[in-house]
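**Student:** One file is attached below, query_29.csv, containing CSV, C-alpha atoms.
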```csv
chain,number,residue,atom,x,y,z
A,1238,GLY,CA,96.0,107.2,90.0
A,1239,ALA,CA,96.6,103.5,89.8
A,1240,GLY,CA,98.1,103.3,93.3
A,1241,VAL,CA,98.8,105.2,96.4
A,1242,SER,CA,101.5,107.9,95.9
A,1243,GLN,CA,103.5,109.8,98.4
A,1244,SER,CA,105.8,112.8,98.2
A,1245,PRO,CA,108.6,113.5,98.7
A,1246,ARG,CA,110.1,110.1,98.6
A,1247,TYR,CA,113.1,111.2,100.6
A,1248,LYS,CA,113.4,114.1,103.0
A,1249,VAL,CA,116.4,115.3,105.0
A,1250,ALA,CA,115.7,117.8,107.7
A,1251,LYS,CA,117.7,119.6,110.3
A,1252,ARG,CA,116.6,119.1,113.8
A,1253,GLY,CA,114.0,121.6,114.7
A,1254,GLN,CA,112.8,122.1,111.2
A,1255,ASP,CA,109.1,121.5,110.3
A,1256,VAL,CA,108.3,119.0,107.5
A,1257,ALA,CA,105.1,118.1,105.6
A,1258,LEU,CA,104.5,114.7,104.0
A,1259,ARG,CA,101.9,114.2,101.3
A,1260,CYS,CA,99.7,111.2,100.5
A,1261,ASP,CA,97.5,110.7,97.5
A,1262,PRO,CA,95.3,107.7,98.1
A,1263,ILE,CA,93.7,105.5,95.4
A,1264,SER,CA,90.8,107.4,93.9
A,1265,GLY,CA,87.5,106.7,95.7
A,1266,HIS,CA,89.1,105.2,98.7
A,1267,VAL,CA,87.3,106.3,101.8
A,1268,SER,CA,89.8,105.2,104.5
A,1269,LEU,CA,93.3,106.5,104.8
A,1270,PHE,CA,96.0,105.5,107.3
A,1271,TRP,CA,99.4,106.8,108.3
A,1272,TYR,CA,102.1,104.5,109.7
A,1273,GLN,CA,105.6,105.0,111.0
A,1274,GLN,CA,108.1,102.3,110.2
A,1275,ALA,CA,111.5,102.2,111.9
A,1276,LEU,CA,114.4,100.3,110.3
A,1277,GLY,CA,113.9,96.5,110.8
A,1278,GLN,CA,110.4,97.0,112.3
A,1279,GLY,CA,106.8,96.6,111.2
A,1280,PRO,CA,104.6,99.6,110.5
A,1281,GLU,CA,103.3,101.3,113.6
A,1282,PHE,CA,99.9,102.9,113.4
A,1283,LEU,CA,99.8,106.7,113.7
A,1284,THR,CA,96.3,107.9,112.6
A,1285,TYR,CA,93.2,107.1,110.5
A,1286,PHE,CA,90.8,109.1,108.4
A,1287,GLN,CA,87.4,108.2,107.1
A,1288,ASN,CA,86.8,110.7,104.4
A,1289,GLU,CA,87.8,114.1,106.0
A,1290,ALA,CA,87.1,112.9,109.5
A,1291,GLN,CA,90.1,111.9,111.7
A,1292,LEU,CA,88.6,109.0,113.6
A,1293,ASP,CA,91.7,107.8,115.5
A,1294,LYS,CA,94.9,109.7,116.2
A,1295,SER,CA,95.9,107.5,119.2
A,1296,GLY,CA,99.2,106.5,117.5
A,1297,LEU,CA,100.6,110.0,117.0
A,1298,PRO,CA,103.7,110.0,119.3
A,1299,SER,CA,103.5,113.7,120.4
A,1300,ASP,CA,101.7,116.9,119.8
A,1301,ARG,CA,104.4,117.8,117.3
A,1302,PHE,CA,102.6,115.4,114.9
A,1303,PHE,CA,99.5,116.6,113.1
A,1304,ALA,CA,97.6,115.1,110.2
A,1305,GLU,CA,94.8,116.4,108.0
A,1306,ARG,CA,92.6,115.4,105.1
A,1307,PRO,CA,90.5,118.5,104.5
A,1308,GLU,CA,88.6,117.4,101.3
A,1309,GLY,CA,88.6,113.7,102.0
A,1310,SER,CA,91.2,112.8,99.4
A,1311,VAL,CA,94.8,114.0,99.7
A,1312,SER,CA,96.3,113.9,103.2
A,1313,THR,CA,99.2,115.7,104.8
A,1314,LEU,CA,101.2,114.5,107.8
A,1315,LYS,CA,103.0,117.4,109.4
A,1316,ILE,CA,105.8,117.1,111.9
A,1317,GLN,CA,106.9,120.2,113.8
A,1318,ARG,CA,110.3,120.8,115.4
A,1319,THR,CA,111.6,117.5,114.1
A,1320,GLN,CA,113.8,115.4,116.4
A,1321,GLN,CA,116.3,112.7,115.5
A,1322,GLU,CA,114.0,110.0,116.8
A,1323,ASP,CA,111.5,111.1,114.1
A,1324,SER,CA,113.8,109.5,111.5
A,1325,ALA,CA,111.8,106.7,109.9
A,1326,VAL,CA,109.8,105.7,106.8
A,1327,TYR,CA,106.3,107.2,106.9
A,1328,LEU,CA,103.8,105.0,105.0
A,1329,CYS,CA,100.4,105.9,103.9
A,1330,ALA,CA,97.7,103.3,103.1
A,1331,SER,CA,94.1,103.4,101.8
A,1332,ASN,CA,91.2,101.2,101.3
A,1333,ARG,CA,87.6,101.5,100.2
A,1334,ASP,CA,86.0,101.5,103.6
A,1335,THR,CA,86.0,99.8,107.0
A,1336,THR,CA,82.5,98.4,107.1
A,1337,SER,CA,84.1,95.1,106.1
A,1338,VAL,CA,87.7,94.1,106.6
A,1339,GLU,CA,89.8,94.4,103.5
A,1340,THR,CA,93.4,94.8,102.7
A,1341,GLN,CA,95.1,98.2,102.9
A,1342,TYR,CA,97.0,99.4,99.8
A,1343,PHE,CA,100.3,101.0,100.7
A,1344,GLY,CA,102.2,103.8,99.1
A,1345,PRO,CA,106.0,103.7,98.7
A,1346,GLY,CA,106.6,105.8,101.8
A,1347,THR,CA,108.6,108.9,102.6
A,1348,ARG,CA,112.0,108.2,104.1
A,1349,LEU,CA,112.7,111.0,106.6
A,1350,LEU,CA,116.1,111.6,108.0
A,1351,VAL,CA,116.5,114.2,110.7
A,1352,LEU,CA,120.1,115.3,111.3
B,985,GLY,CA,103.3,95.4,117.4
B,986,GLN,CA,104.3,94.3,120.9
B,987,ASN,CA,101.6,91.6,121.0
B,988,ILE,CA,102.5,90.0,117.7
B,989,ASP,CA,105.5,87.8,117.5
B,990,GLN,CA,107.3,86.4,114.5
B,991,PRO,CA,110.9,85.3,114.0
B,992,THR,CA,113.4,87.9,113.0
B,993,GLU,CA,115.1,86.1,110.1
B,994,MET,CA,115.0,82.8,108.2
B,995,THR,CA,117.4,81.5,105.6
B,996,ALA,CA,116.5,78.9,103.0
B,997,THR,CA,117.8,77.7,99.7
B,998,GLU,CA,116.2,78.2,96.3
B,999,GLY,CA,113.5,75.6,95.6
B,1000,ALA,CA,113.0,74.8,99.3
B,1001,ILE,CA,110.0,75.4,101.5
B,1002,VAL,CA,110.0,77.9,104.4
B,1003,GLN,CA,107.3,78.3,107.1
B,1004,ILE,CA,107.0,81.7,108.9
B,1005,ASN,CA,105.1,81.5,112.2
B,1006,CYS,CA,103.1,84.3,113.8
B,1007,THR,CA,101.6,84.3,117.3
B,1008,TYR,CA,99.3,87.1,118.5
B,1009,GLN,CA,97.4,88.4,121.4
B,1010,THR,CA,95.0,91.3,120.6
B,1011,SER,CA,91.9,93.0,121.7
B,1012,GLY,CA,89.3,91.2,119.6
B,1013,PHE,CA,90.0,89.6,116.3
B,1014,ASN,CA,88.8,90.5,112.8
B,1015,GLY,CA,91.2,88.7,110.6
B,1016,LEU,CA,94.9,88.2,109.9
B,1017,PHE,CA,96.9,89.5,106.9
B,1018,TRP,CA,100.3,88.6,105.5
B,1019,TYR,CA,102.2,91.2,103.5
B,1020,GLN,CA,105.5,91.0,101.6
B,1021,GLN,CA,107.8,94.0,101.7
B,1022,HIS,CA,111.0,94.3,99.6
B,1023,ALA,CA,113.6,96.6,100.9
B,1024,GLY,CA,112.7,100.2,100.3
B,1025,GLU,CA,109.3,99.3,98.9
B,1026,ALA,CA,105.7,99.3,100.1
B,1027,PRO,CA,104.2,96.2,101.7
B,1028,THR,CA,102.1,94.3,99.3
B,1029,PHE,CA,99.1,92.0,100.1
B,1030,LEU,CA,99.7,88.2,100.1
B,1031,SER,CA,96.8,86.6,102.0
B,1032,TYR,CA,94.0,87.1,104.4
B,1033,ASN,CA,92.5,84.6,107.0
B,1034,VAL,CA,89.5,85.1,109.1
B,1035,LEU,CA,88.4,81.5,109.7
B,1036,ASP,CA,90.4,78.6,110.9
B,1037,GLY,CA,92.2,76.6,108.3
B,1038,LEU,CA,94.4,76.8,105.3
B,1039,GLU,CA,94.2,79.3,102.4
B,1040,GLU,CA,96.2,78.3,99.3
B,1041,LYS,CA,97.2,80.8,96.6
B,1042,GLY,CA,99.8,79.4,94.2
B,1043,ARG,CA,103.2,79.0,95.9
B,1044,PHE,CA,102.0,80.7,99.0
B,1045,SER,CA,99.7,79.3,101.7
B,1046,SER,CA,98.5,80.7,105.0
B,1047,PHE,CA,97.0,78.9,108.0
B,1048,LEU,CA,95.1,80.2,110.9
B,1049,SER,CA,94.1,78.8,114.3
B,1050,ARG,CA,92.1,81.4,116.2
B,1051,SER,CA,91.9,79.3,119.4
B,1052,LYS,CA,95.7,79.2,119.6
B,1053,GLY,CA,96.3,82.8,118.4
B,1054,TYR,CA,98.6,81.3,115.7
B,1055,SER,CA,99.2,81.7,112.0
B,1056,TYR,CA,101.8,80.6,109.5
B,1057,LEU,CA,102.8,81.6,106.0
B,1058,LEU,CA,104.2,78.8,103.9
B,1059,LEU,CA,106.4,79.7,100.9
B,1060,LYS,CA,107.0,76.8,98.5
B,1061,GLU,CA,109.4,76.4,95.6
B,1062,LEU,CA,111.4,79.3,96.9
B,1063,GLN,CA,112.8,81.7,94.3
B,1064,MET,CA,115.5,84.4,94.7
B,1065,LYS,CA,112.8,87.1,94.3
B,1066,ASP,CA,111.1,85.8,97.4
B,1067,SER,CA,113.9,87.4,99.5
B,1068,ALA,CA,112.0,90.0,101.4
B,1069,SER,CA,110.5,90.8,104.8
B,1070,TYR,CA,107.2,89.1,105.5
B,1071,LEU,CA,104.8,91.0,107.8
B,1072,CYS,CA,102.0,89.5,109.9
B,1073,ALA,CA,99.2,91.9,110.7
B,1074,VAL,CA,96.2,91.3,112.9
B,1075,VAL,CA,93.0,93.4,112.6
B,1076,ASP,CA,91.5,94.0,116.1
B,1077,SER,CA,87.9,94.5,117.0
B,1078,TRP,CA,88.2,98.3,116.2
B,1079,GLY,CA,89.4,97.6,112.7
B,1080,LYS,CA,92.9,98.7,113.5
B,1081,PHE,CA,95.8,96.8,111.9
B,1082,GLN,CA,98.6,95.8,114.2
B,1083,PHE,CA,101.8,94.6,112.5
B,1084,GLY,CA,104.5,92.3,113.7
B,1085,ALA,CA,108.1,93.4,113.3
B,1086,GLY,CA,108.5,91.3,110.2
B,1087,THR,CA,110.5,88.2,109.3
B,1088,GLN,CA,113.4,88.7,106.9
B,1089,VAL,CA,113.6,85.7,104.5
B,1090,VAL,CA,117.0,85.2,102.8
B,1091,VAL,CA,116.9,82.9,99.8
B,1092,THR,CA,120.4,81.5,98.9
B,1093,PRO,CA,121.3,79.8,95.6
```
Starting from the file, lay out its structure as structure tokens.
**Tutor:**
Amino acid sequence: GAGVSQSPRYKVAKRGQDVALRCDPISGHVSLFWYQQALGQGPEFLTYFQNEAQLDKSGLPSDRFFAERPEGSVSTLKIQRTQQEDSAVYLCASNRDTTSVETQYFGPGTRLLVL
Amino acid sequence: GQNIDQPTEMTATEGAIVQINCTYQTSGFNGLFWYQQHAGEAPTFLSYNVLDGLEEKGRFSSFLSRSKGYSYLLLKELQMKDSASYLCAVVDSWGKFQFGAGTQVVVTP
């Protein structure tokens, strides 16, 4: 695709429900990032993949958060037993690689509301 | 990003100039990015500085001083469509992007 796509765009979940958020990066992009953005704040780093390898998951707030990218393209962020504090926009970004610094290209985000 | 500071909000009139400051303290430095984010949309790339000095790109310019841990984004000839949040992001020595909370710019007629 021309850009990074994410689905669903909006998700309402009841507290305790599991959710799965999908990210389709730009074709050929090696690196993929997940961020959490609360209202009025900047994106906060969650995790990073290079191809299928998850190289950094230091930003995942708890063991309820899990991310995968099994074939090195599409990625899924899963949140188990959602809590109200998980309500935020989840942004996915990709770029060609990290051997040199370059901009990340962001998707439109998934807006998650936990009731 | 707790180590990246930028003002919360700035208001300016159409046609004016606004300067958004960003100060940072991070573990190592591999460059600084500015992004624009309209409400409900993805951040989009505006500029990148890795060396000291001014980078000019049309109505937008960005300045960096590594010794001072300081950058600014200059928006000239403001237009209504420039109303958005502007995010400062620093790349640390591990290649990780750390974002500021964003500066909401409000352009009034």
**Student:** Sorted by chain and rising residue number, which residues of chain B lie within 6 Å of chain A, and what are their closest atom pairs and distances in Å to one decimal, counting all atoms listed in the file, as CSV?
**Tutor:**
```
residue,atom,partner,partner_atom,distance
B:Glu1025,CA,A:Pro1345,CA,5.5
B:Ala1026,CA,A:Pro1345,CA,4.6
B:Phe1083,CA,A:Gly1279,CA,5.5
B:Gly1084,CA,A:Gly1279,CA,5.5
B:Ala1085,CA,A:Gly1279,CA,4.0
B:Gly1086,CA,A:Gly1279,CA,5.7
```
**Student:** Identify the residues within 6 Å of coordinate (112.1, 88.7, 111.5) (same frame as the file), considering all atoms listed in the file, and give the answer as a list in words.
**Tutor:**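 Looking at atoms near the point gives Pro991, Thr992, Glu993, Gly1086, Thr1087 and Gln1088 of chain B.
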**Student:** Go ahead and save the picked residues with C-alpha atoms, as an mmCIF file, in the coordinates of the input.
**Tutor:**
```cif
data_model
loop_
_atom_site.group_PDB
_atom_site.id
_atom_site.type_symbol
_atom_site.label_atom_id
_atom_site.label_comp_id
_atom_site.auth_asym_id
_atom_site.auth_seq_id
_atom_site.Cartn_x
_atom_site.Cartn_y
_atom_site.Cartn_z
ATOM 1 C CA PRO B 991 110.900 85.300 114.000
ATOM 2 C CA THR B 992 113.400 87.900 113.000
ATOM 3 C CA GLU B 993 115.100 86.100 110.100
ATOM 4 C CA GLY B 1086 108.500 91.300 110.200
ATOM 5 C CA THR B 1087 110.500 88.200 109.300
ATOM 6 C CA GLN B 1088 113.400 88.700 106.900
#
```
**Student:** Skip Ser1051 (chain B) itself and residues of its chain fewer than 5 positions away, then list as a ChimeraX atom specification all residues within 12 Å of it, counting only C-alpha atoms.
**Tutor:** /B:1007-1009,1013,1035-1037
**Student:** Please compute the CA of Pro1027 (chain B)-CA of Ala1068 (chain B) distance, one decimal, in Å.
**Tutor:**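 Answer for the CA of Pro1027 (chain B) to CA of Ala1068 (chain B) separation: 10.0 Å.
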**Student:** Which residues come within 10 Å of Trp1078 (chain B), counting only C-alpha atoms, excluding same-chain residues fewer than 2 positions away, as a list in words?
**Tutor:** Thr1335 of chain A; Ser1011, Gly1012, Phe1013, Asn1014, Val1075, Asp1076, Lys1080 and Phe1081 of chain B
**Student:** Restricting it to C-alpha atoms, dump the selection as a PDB file, keeping the file's coordinate frame.
**Tutor:**
```
ATOM      1  CA  THR A1335      86.000  99.800 107.000  1.00  0.00           C
TER       2      THR A1335
ATOM      3  CA  SER B1011      91.900  93.000 121.700  1.00  0.00           C
ATOM      4  CA  GLY B1012      89.300  91.200 119.600  1.00  0.00           C
ATOM      5  CA  PHE B1013      90.000  89.600 116.300  1.00  0.00           C
ATOM      6  CA  ASN B1014      88.800  90.500 112.800  1.00  0.00           C
ATOM      7  CA  VAL B1075      93.000  93.400 112.600  1.00  0.00           C
ATOM      8  CA  ASP B1076      91.500  94.000 116.100  1.00  0.00           C
ATOM      9  CA  LYS B1080      92.900  98.700 113.500  1.00  0.00           C
ATOM     10  CA  PHE B1081      95.800  96.800 111.900  1.00  0.00           C
TER      11      PHE B1081
END
```
**Student:** Using only C-alpha atoms, which protein or nucleic acid residues come within 7 Å of Ser1045 (chain B)? Drop anything in the same chain fewer than 6 positions from it, and give the result as a VMD selection string.
**Tutor:** chain B and resid 1038 to 1039 1057 to 1059
**Student:** Find the residues near Asp1300 (chain A): any atom within 10 Å, counting only C-alpha atoms, skip ones fewer than 2 places away on the same chain, and give them as a ChimeraX atom specification.
**Tutor:** /A:1297-1298,1302-1303,1316-1317
**Student:** Have a look at A:Leu1352, A:Ala1239, A:Ala1290, A:Leu1314 and name the one nearest to Gly1253 (chain A); count only C-alpha atoms.
**Tutor:** A:Leu1352
**Student:** Enter the distance from CA of Ser1069 (chain B) to CA of Arg1043 (chain B), in Å, rounded to one decimal.
**Tutor:**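 Taking CA of Ser1069 (chain B) and CA of Arg1043 (chain B), their separation equals 16.5 Å.
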**Student:** Mind giving me the straight-line distance from CA of Pro1307 (chain A) to CA of Asn1288 (chain A) in Å, one decimal?
**Tutor:**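 These atoms are spaced 8.6 Å apart.
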**Student:** Take the point (111.0, 77.3, 100.8) in the file's coordinates, draw a sphere of radius 10 Å around it, and report as a PyMOL selection string every protein, DNA or RNA residue with an atom inside or on it, counting only C-alpha atoms.
**Tutor:** chain B and resi 995-1003+1043-1044+1058-1063+1066+1089+1091
